[in-house]
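A short worksheet on the structure shown next.
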Amino acid sequence: MAALAYNLGKREINHYFSVRSAKVLALVAVLLLAACHLASRRYRGNDSCEYLLSSGRFLGEKVWQPHSCMMHKYKISEAKNCLVDKHIAFIGDSRIRQLFYSFVKIINPQFKEEGNKHGNIPFEDKIAAVKVDFLWHPEVNGSMKQCIKVWTEDSVAKPHVIVAGAATSAMILMNVCCNKILKPVDGSCCQPRPPLTLIQKLAACFFTLSIIGYLIFYIIHRNAHRKNKPCTDLESGEEKKNIINTPVSPLEILLQSFCKLGLIMAYFYMCDRANLFMKENKFYTHSTFFIPIIYILVLGVFYNENTKETKVLNREQTDEWKGWMQLVILIYHISGASTFLPVYMHIRVLVAAYLFQTGYGHFSYFWIKGDFGIHRVCQVLFRLNFLVVVLCIVMDRPYQFYYFVPLVTVWFMVIYVTLALWPQIIQKKANGNCFWHFGLLLKLAFLLLCICFLAYSQGAFEKIFSLWPLSKCFELKGNVYEWWFRWRLDRYVVFHGMLFAFIYLALQKRQILSEGKGEPLFSNKISNFLLFISVVSFLTYSIWASSCKNKAECNELHPSVSVVQILAFILIRNIPGYARSVYSSFFAWFGKISLELFICQYHIWLAADTRGILVLIPGNPMLNIIVSTFIFVCVAHEISQITNDLAQIIIPKDNSSLLKRLACIAAFFCGLLILSSIQDKSRH
């Protein structure tokens, strides 16, 4: 009865509230919020410096969060770079003296609080040519007035910045002075909106034309439909149908997809480039991370269903795995949990697990299907990279900024080249002669050798990826070090995924595994032994990760040991037959759009390129998270559908048509590279 009531209730909810109605509601929410924020900006003004100094709240005891904008935490080098050849004067009482000390220690942490407390205190950094003075004037009287008057009359000796009469936090003052000069990404206070680049302007024109084109197409199509509408025969009183409903044309799908994408990209730009919506800094507490984790785990367990098949890592199970991992990673990002090392290390395992699935999934496909055709390669590359390429253009960010997509793209190509090169060894061929299994293991051994060489030869790695045009894709801040670091951090896990797939498929082919519904994967003794080893291994890794002293030490060991927890999880999840027979439909739903969720979070859930939090509803953090998350998930789902629709049109199955499309795509990227080079020269 409980199961029947649950199914009837779920059916009733789906009848009144579908994904389509959720997206309509999200669109209405965006339009209303945009209108409210625009009206607020016009009424209150657009000067975020005012909020920085006068309006906000404390996160914890000492972290000041200005209303609507983010504060940047300045490093020594940044402070000196901003204040070069500057003279700053603090004039006032003991509170201003403390502010003076705090400000100077940002420039020089070794500066000691010495000297006469009731006298003037000078400071000078001769290398950076920075001069900061404190002048003791405890009361606002004639002497303070005379001091300031001398500065106003002497155009040569007057300071660039004068702080008088009130005390506050030194970092706020640094943000006021330096944000307009250095323009840090995570310091949105006191910063104007960045100007549009040439590529962004061209993208805006393209999407505008797409929207206009679709509207014209829709109006023409609707008028034609009205003309062919069933009419009533006056003599018989019966309706006559003039035409049969025609299928939707590829042109209409193309225009509709780009129309939707244009509107979505406008929302992306408003969230993270325009100064329409607000942004706030992250502030980590254990409750902001662990309470949402518990909440989603309860939801995931509640929405469980039977799997269609009971094989190891079946489709529903891998979608579930991707889903819960993605939700945990999202909570990790928005809570700022990277500052807590045990959480950071476990999240590193989740990223490695995604790459493990990349190795497992693509190896299994090529090994079983033997399909090395160009259509398959283009389909995968398009689905992985379409959204990121669009965001690189619209949001003016390098490809390597969305590091995970370059990572899985390169590893997919590595898997493809490894298996496609002569001799092509697939399961069908290997079943006829066991010698081919040995040949495949040699291929995998050679791949491992190449990985080890590149991992310990940073120079060779950087030379390869510094070649043009690869450098345009993999450089970040003028070098490829970040790409080398990201690649090296999980260098073995894709290989582990390929090797696991090979061993599993070999065991499956020889019918060593029991994959029936409700059956343990091995005999009872072996299953119990492997479960015990897996649980111990899983907990041992967690204990080690929780006892790490610093990130550098842990990151050095992570590539070799992350596979322990991944394999332990797979065995715990698949050895018991009852566990293999069910899956969480809640997690699986998110797993199907996990890539879009990972990419979209950069700009429409987080802010300032993931360093802050988007604020749609100020003054109510909980309601803000609920509303922004709802819109974010709807957008990610819609982008997933748009990508699938465009993949069918842009990547046709016919090879001759596909080659023509590839030539057009190559021409597009050549044009993009040329425009990017022109843009870079104009910036310098």
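By convention in this document, the chains of the structure tokens carry letters A, B, ... by their order, each chain's residues are numbered from 1, and ligands are numbered from 1 in the order they are shown.
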*Long-range neighbours of region 312-324 of chain A as a list in words, 7 Å cut-off, only C-alpha atoms, 4 positions minimum in chain*: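 Returned residues: Thr307, Val328, Asn574, Tyr583, Ser584, Phe587, Ala588, Trp589, Phe590, Gly591, Lys592 and Ser594 of chain A.
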request  = DSSP on the backbone, then: every residue of region 143-222 of chain A marked alpha helix (DSSP H), written as an MDAnalysis selection string.
outcome  = chainID A and resid 143:153 170:182 198:222
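Restricting the calculation to only C-alpha atoms, the smallest distance between Met345 (chain A) and any of A:His603, A:His67, A:Lys23, A:His558 is found for A:His558.
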Mind checking which residues fall within 12 Å of Trp468 (chain A), counting only C-alpha atoms, ignoring those fewer than 5 positions away in the same chain, and posting them as a CSV table (one decimal) with N, CA, C and O atoms, in the first residue's frame?
chain,number,residue,atom,x,y,z
A,462,GLU,N,55.4,20.9,-21.3
A,462,GLU,CA,55.2,22.3,-21.6
A,462,GLU,C,55.5,22.7,-23.0
A,462,GLU,O,54.9,23.5,-23.7
A,463,LYS,N,56.6,22.0,-23.6
A,463,LYS,CA,57.0,22.3,-25.0
A,463,LYS,C,55.9,21.8,-25.9
A,463,LYS,O,55.6,22.5,-26.9
A,473,CYS,N,44.7,27.1,-26.5
A,473,CYS,CA,43.7,26.3,-25.7
A,473,CYS,C,44.1,26.0,-24.3
A,473,CYS,O,43.3,26.0,-23.4
A,474,PHE,N,45.4,25.8,-24.1
A,474,PHE,CA,45.9,25.3,-22.8
A,474,PHE,C,46.6,26.3,-21.9
A,474,PHE,O,47.0,26.0,-20.8
A,475,GLU,N,46.9,27.5,-22.4
A,475,GLU,CA,47.5,28.5,-21.6
A,475,GLU,C,46.5,29.2,-20.7
A,475,GLU,O,45.4,29.4,-21.0
A,670,CYS,N,39.5,29.0,-37.0
A,670,CYS,CA,40.6,29.8,-37.5
A,670,CYS,C,40.3,31.3,-37.4
A,670,CYS,O,41.1,32.1,-37.0
A,673,LEU,N,40.6,32.3,-33.8
A,673,LEU,CA,42.0,32.4,-33.4
A,673,LEU,C,42.6,33.8,-33.8
A,673,LEU,O,43.3,34.4,-33.1
A,677,SER,N,43.8,36.8,-31.5
A,677,SER,CA,45.1,37.4,-31.6
A,677,SER,C,45.1,38.9,-31.7
A,677,SER,O,45.8,39.7,-31.0
| said: Please list as a PyMOL selection string every residue within 12 Å of Gly92 (chain A), counting only C-alpha atoms and excluding residues in the same chain fewer than 5 positions away. | reply: chain A and resi 97-100+117-121+133-141+143-145+147-148+162-167
From the list A:Cys177, A:Ile374, A:Val394, A:Ile253, the nearest residue to Arg273 (chain A) using only C-alpha atoms is A:Val394
As a CSV table (one decimal) with all heavy atoms, in the first residue's frame, please: the residues near Gln65 (chain A) (cut-off 10 Å, only C-alpha atoms, same-chain neighbours under 6 positions excluded).
chain,number,residue,atom,x,y,z
A,51,TYR,N,28.6,50.8,-0.6
A,51,TYR,CA,28.3,49.6,0.2
A,51,TYR,C,29.5,49.1,0.9
A,51,TYR,O,29.4,48.6,2.1
A,51,TYR,CB,27.7,48.5,-0.7
A,51,TYR,CG,26.4,48.9,-1.3
A,51,TYR,CD1,26.2,48.8,-2.7
A,51,TYR,CD2,25.3,49.3,-0.6
A,51,TYR,CE1,25.0,49.1,-3.3
A,51,TYR,CE2,24.1,49.6,-1.2
A,51,TYR,CZ,24.0,49.5,-2.5
A,51,TYR,OH,22.8,49.9,-3.1
A,52,LEU,N,30.6,49.1,0.3
A,52,LEU,CA,31.9,48.6,0.9
A,52,LEU,C,32.2,49.3,2.2
A,52,LEU,O,32.6,48.7,3.2
A,52,LEU,CB,33.0,48.9,-0.1
A,52,LEU,CG,34.4,48.5,0.3
A,52,LEU,CD1,34.5,47.0,0.6
A,52,LEU,CD2,35.5,48.9,-0.7
A,55,SER,N,27.6,49.6,4.3
A,55,SER,CA,26.5,48.7,4.4
A,55,SER,C,27.0,47.3,4.2
A,55,SER,O,27.7,47.0,3.3
A,55,SER,CB,25.4,49.1,3.4
A,55,SER,OG,24.4,48.2,3.5
A,56,GLY,N,26.6,46.4,5.1
A,56,GLY,CA,26.9,45.0,5.0
A,56,GLY,C,26.7,44.2,6.3
A,56,GLY,O,26.0,44.7,7.2
A,57,ARG,N,27.4,43.1,6.4
A,57,ARG,CA,27.2,42.3,7.7
A,57,ARG,C,28.5,41.5,7.9
A,57,ARG,O,29.4,41.4,7.0
A,57,ARG,CB,26.1,41.3,7.5
A,57,ARG,CG,26.3,40.2,6.5
A,57,ARG,CD,25.1,39.3,6.4
A,57,ARG,NE,25.3,38.1,5.7
A,57,ARG,CZ,25.3,38.0,4.3
A,57,ARG,NH1,25.1,39.0,3.6
A,57,ARG,NH2,25.6,36.8,3.8
A,58,PHE,N,28.7,41.0,9.1
A,58,PHE,CA,29.9,40.2,9.4
A,58,PHE,C,29.6,38.7,9.2
A,58,PHE,O,28.6,38.2,9.7
A,58,PHE,CB,30.3,40.5,10.9
A,58,PHE,CG,31.1,41.7,11.1
A,58,PHE,CD1,30.5,42.9,11.5
A,58,PHE,CD2,32.5,41.8,10.7
A,58,PHE,CE1,31.2,44.1,11.7
A,58,PHE,CE2,33.2,42.9,10.9
A,58,PHE,CZ,32.6,44.1,11.4
A,59,LEU,N,30.5,38.1,8.5
A,59,LEU,CA,30.5,36.6,8.4
A,59,LEU,C,31.5,36.1,9.5
A,59,LEU,O,32.7,36.2,9.3
A,59,LEU,CB,30.9,36.2,7.0
A,59,LEU,CG,30.1,36.7,5.8
A,59,LEU,CD1,30.8,36.3,4.5
A,59,LEU,CD2,28.7,36.3,5.9
A,71,MET,N,34.8,41.5,-1.6
A,71,MET,CA,36.1,42.1,-1.2
A,71,MET,C,37.2,41.2,-1.6
A,71,MET,O,37.1,40.0,-1.4
A,71,MET,CB,36.1,42.4,0.3
A,71,MET,CG,35.6,43.7,0.7
A,71,MET,SD,35.7,43.9,2.5
A,71,MET,CE,37.4,43.6,2.8
A,279,LYS,N,26.9,40.1,-5.7
A,279,LYS,CA,27.9,39.0,-5.5
A,279,LYS,C,28.4,39.1,-4.0
A,279,LYS,O,28.5,40.2,-3.5
A,279,LYS,CB,29.1,39.1,-6.4
A,279,LYS,CG,28.7,39.1,-7.9
A,279,LYS,CD,29.9,39.4,-8.7
A,279,LYS,CE,29.5,39.5,-10.2
A,279,LYS,NZ,30.6,39.9,-11.1
A,280,GLU,N,28.6,38.0,-3.4
A,280,GLU,CA,29.2,38.0,-2.1
A,280,GLU,C,30.3,37.0,-2.0
A,280,GLU,O,30.4,36.0,-2.7
A,280,GLU,CB,28.1,37.6,-1.1
A,280,GLU,CG,27.0,38.7,-0.8
A,280,GLU,CD,26.1,38.3,0.3
A,280,GLU,OE1,26.2,37.2,0.8
A,280,GLU,OE2,25.3,39.2,0.7
A,281,ASN,N,31.2,37.2,-0.9
A,281,ASN,CA,32.3,36.3,-0.7
A,281,ASN,C,31.8,35.0,0.0
A,281,ASN,O,30.7,35.0,0.6
A,281,ASN,CB,33.3,36.9,0.2
A,281,ASN,CG,34.0,38.1,-0.4
A,281,ASN,OD1,33.5,39.2,-0.3
A,281,ASN,ND2,35.1,37.9,-1.1
A,282,LYS,N,32.5,33.9,-0.2
A,282,LYS,CA,32.2,32.7,0.4
A,282,LYS,C,32.7,32.7,1.9
A,282,LYS,O,33.7,33.4,2.2
A,282,LYS,CB,32.9,31.5,-0.3
A,282,LYS,CG,32.5,31.3,-1.7
A,282,LYS,CD,33.3,30.2,-2.4
A,282,LYS,CE,33.0,30.0,-3.8
A,282,LYS,NZ,33.8,29.0,-4.5
A,283,PHE,N,32.1,32.0,2.7
A,283,PHE,CA,32.6,31.9,4.1
A,283,PHE,C,32.3,30.4,4.6
A,283,PHE,O,31.1,30.1,4.7
A,283,PHE,CB,31.9,32.9,5.0
A,283,PHE,CG,32.4,32.9,6.4
A,283,PHE,CD1,33.6,33.4,6.7
A,283,PHE,CD2,31.6,32.4,7.5
A,283,PHE,CE1,34.1,33.4,8.1
A,283,PHE,CE2,32.0,32.3,8.8
A,283,PHE,CZ,33.3,32.8,9.1
8 Å contact set for Lys517 (chain A), only C-alpha atoms, chain neighbours under 6 positions out, as an mmCIF file with N, CA and C atoms, in the first residue's frame:
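Final file, around01.cif:
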data_model
loop_
_atom_site.group_PDB
_atom_site.id
_atom_site.type_symbol
_atom_site.label_atom_id
_atom_site.label_comp_id
_atom_site.auth_asym_id
_atom_site.auth_seq_id
_atom_site.Cartn_x
_atom_site.Cartn_y
_atom_site.Cartn_z
ATOM 1 N N THR A 310 21.246 -5.593 -14.217
ATOM 2 C CA THR A 310 21.971 -5.745 -12.946
ATOM 3 C C THR A 310 23.460 -5.989 -13.161
ATOM 4 N N GLY A 577 24.020 -8.410 -4.437
ATOM 5 C CA GLY A 577 23.048 -8.402 -5.523
ATOM 6 C C GLY A 577 21.924 -7.405 -5.315
ATOM 7 N N TYR A 578 21.473 -7.238 -4.065
ATOM 8 C CA TYR A 578 20.369 -6.311 -3.793
ATOM 9 C C TYR A 578 20.791 -4.862 -4.040
ATOM 10 N N ARG A 580 23.037 -3.905 -6.251
ATOM 11 C CA ARG A 580 23.200 -3.747 -7.705
ATOM 12 C C ARG A 580 21.851 -3.661 -8.416
ATOM 13 N N SER A 581 20.786 -4.084 -7.757
ATOM 14 C CA SER A 581 19.461 -4.158 -8.384
ATOM 15 C C SER A 581 18.639 -2.886 -8.221
#
Which one is closest to Phe268 (chain A): A:Met395, A:Leu489, A:Val417, A:Val349? Count only C-alpha atoms.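 Of A:Met395, A:Leu489, A:Val417, A:Val349, the one nearest Phe268 (chain A) is A:Met395, counting only C-alpha atoms.
Nearest residue to Lys75 (chain A), choosing from A:Val19, A:Cys600, A:Cys554, A:Cys178 and counting only C-alpha atoms: A:Cys178.
When CA of Ile91 (chain A) is paired with CA of Gly187 (chain A), their separation reads 26.8 Å.
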Inset, instruction - Return as a PyMOL selection string the full set of residues in region 150-307 of chain A whose backbone-based DSSP assignment is strand (DSSP E or B). - result: chain A and resi 161-164+231-232+239-240+278-281+304-306
Could you build a table of the residues in region 316-408 of chain A lying no more than 9 Å from region 646-661 of chain A, giving for each the nearest pair of atoms and their separation in Å rounded to one decimal place, using only C-alpha atoms, ordered by chain and ascending residue number, as a tab-separated table?
residue	atom	partner	partner_atom	distance
A:Ile374	CA	A:Asn655	CA	8.0
A:His375	CA	A:Lys653	CA	6.2
A:Arg376	CA	A:Lys653	CA	9.0
A:Cys378	CA	A:Ile651	CA	6.8
A:Gln379	CA	A:Ile651	CA	6.4
A:Phe382	CA	A:Ala647	CA	6.8
A:Arg383	CA	A:Ala647	CA	7.0
With N, CA, C and O atoms kept, could you save the residues just selected as a CSV table (one decimal), in the first residue's frame?
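Dumped everything to part04.csv:
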chain,number,residue,atom,x,y,z
A,374,ILE,N,34.8,8.4,-37.5
A,374,ILE,CA,34.9,9.9,-37.2
A,374,ILE,C,33.6,10.4,-36.6
A,374,ILE,O,33.6,11.4,-35.9
A,375,HIS,N,32.4,9.8,-36.9
A,375,HIS,CA,31.2,10.3,-36.4
A,375,HIS,C,31.1,10.2,-34.9
A,375,HIS,O,30.7,11.1,-34.2
A,376,ARG,N,31.5,9.1,-34.4
A,376,ARG,CA,31.6,8.8,-32.9
A,376,ARG,C,32.5,9.9,-32.2
A,376,ARG,O,32.1,10.5,-31.2
A,378,CYS,N,33.5,12.8,-33.3
A,378,CYS,CA,32.9,14.2,-33.4
A,378,CYS,C,31.7,14.4,-32.4
A,378,CYS,O,31.6,15.5,-31.9
A,379,GLN,N,30.9,13.4,-32.3
A,379,GLN,CA,29.8,13.4,-31.4
A,379,GLN,C,30.2,13.7,-30.0
A,379,GLN,O,29.7,14.5,-29.2
A,382,PHE,N,31.9,17.2,-29.6
A,382,PHE,CA,30.9,18.2,-29.6
A,382,PHE,C,30.1,18.3,-28.3
A,382,PHE,O,30.0,19.4,-27.7
A,383,ARG,N,29.7,17.2,-27.8
A,383,ARG,CA,28.9,17.2,-26.5
A,383,ARG,C,29.8,17.7,-25.3
A,383,ARG,O,29.3,18.3,-24.4
Shortest interatomic distance to Asn550 (chain A) - which of A:Ser471, A:Gln326, A:Gln565, A:Thr339, counting only C-alpha atoms |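 Of A:Ser471, A:Gln326, A:Gln565, A:Thr339, the one nearest Asn550 (chain A), counting only C-alpha atoms, is A:Thr339.
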Phe123 (chain A): which residues within 12 Å, counting only C-alpha atoms, same-chain residues fewer than 2 positions away excluded, as a list of chain:residue names? A:His87, A:Ile88, A:Ala89, A:Phe90, A:Phe100, A:Tyr101, A:Phe103, A:Val104, A:Lys105, A:Ile107, A:Asn108, A:Phe111, A:Lys112, A:Glu113, A:Glu114, A:Gly115, A:Asn120, A:Ile121, A:Asp125, A:Lys126, A:Ala129, A:Val130, A:Lys131, A:Val132, A:Asp133, A:Phe134, A:Leu135
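Counting only C-alpha atoms and comparing A:Tyr481, A:Phe668, A:Tyr269, A:Tyr354, the residue that lies closest to Tyr602 (chain A) is A:Tyr269.
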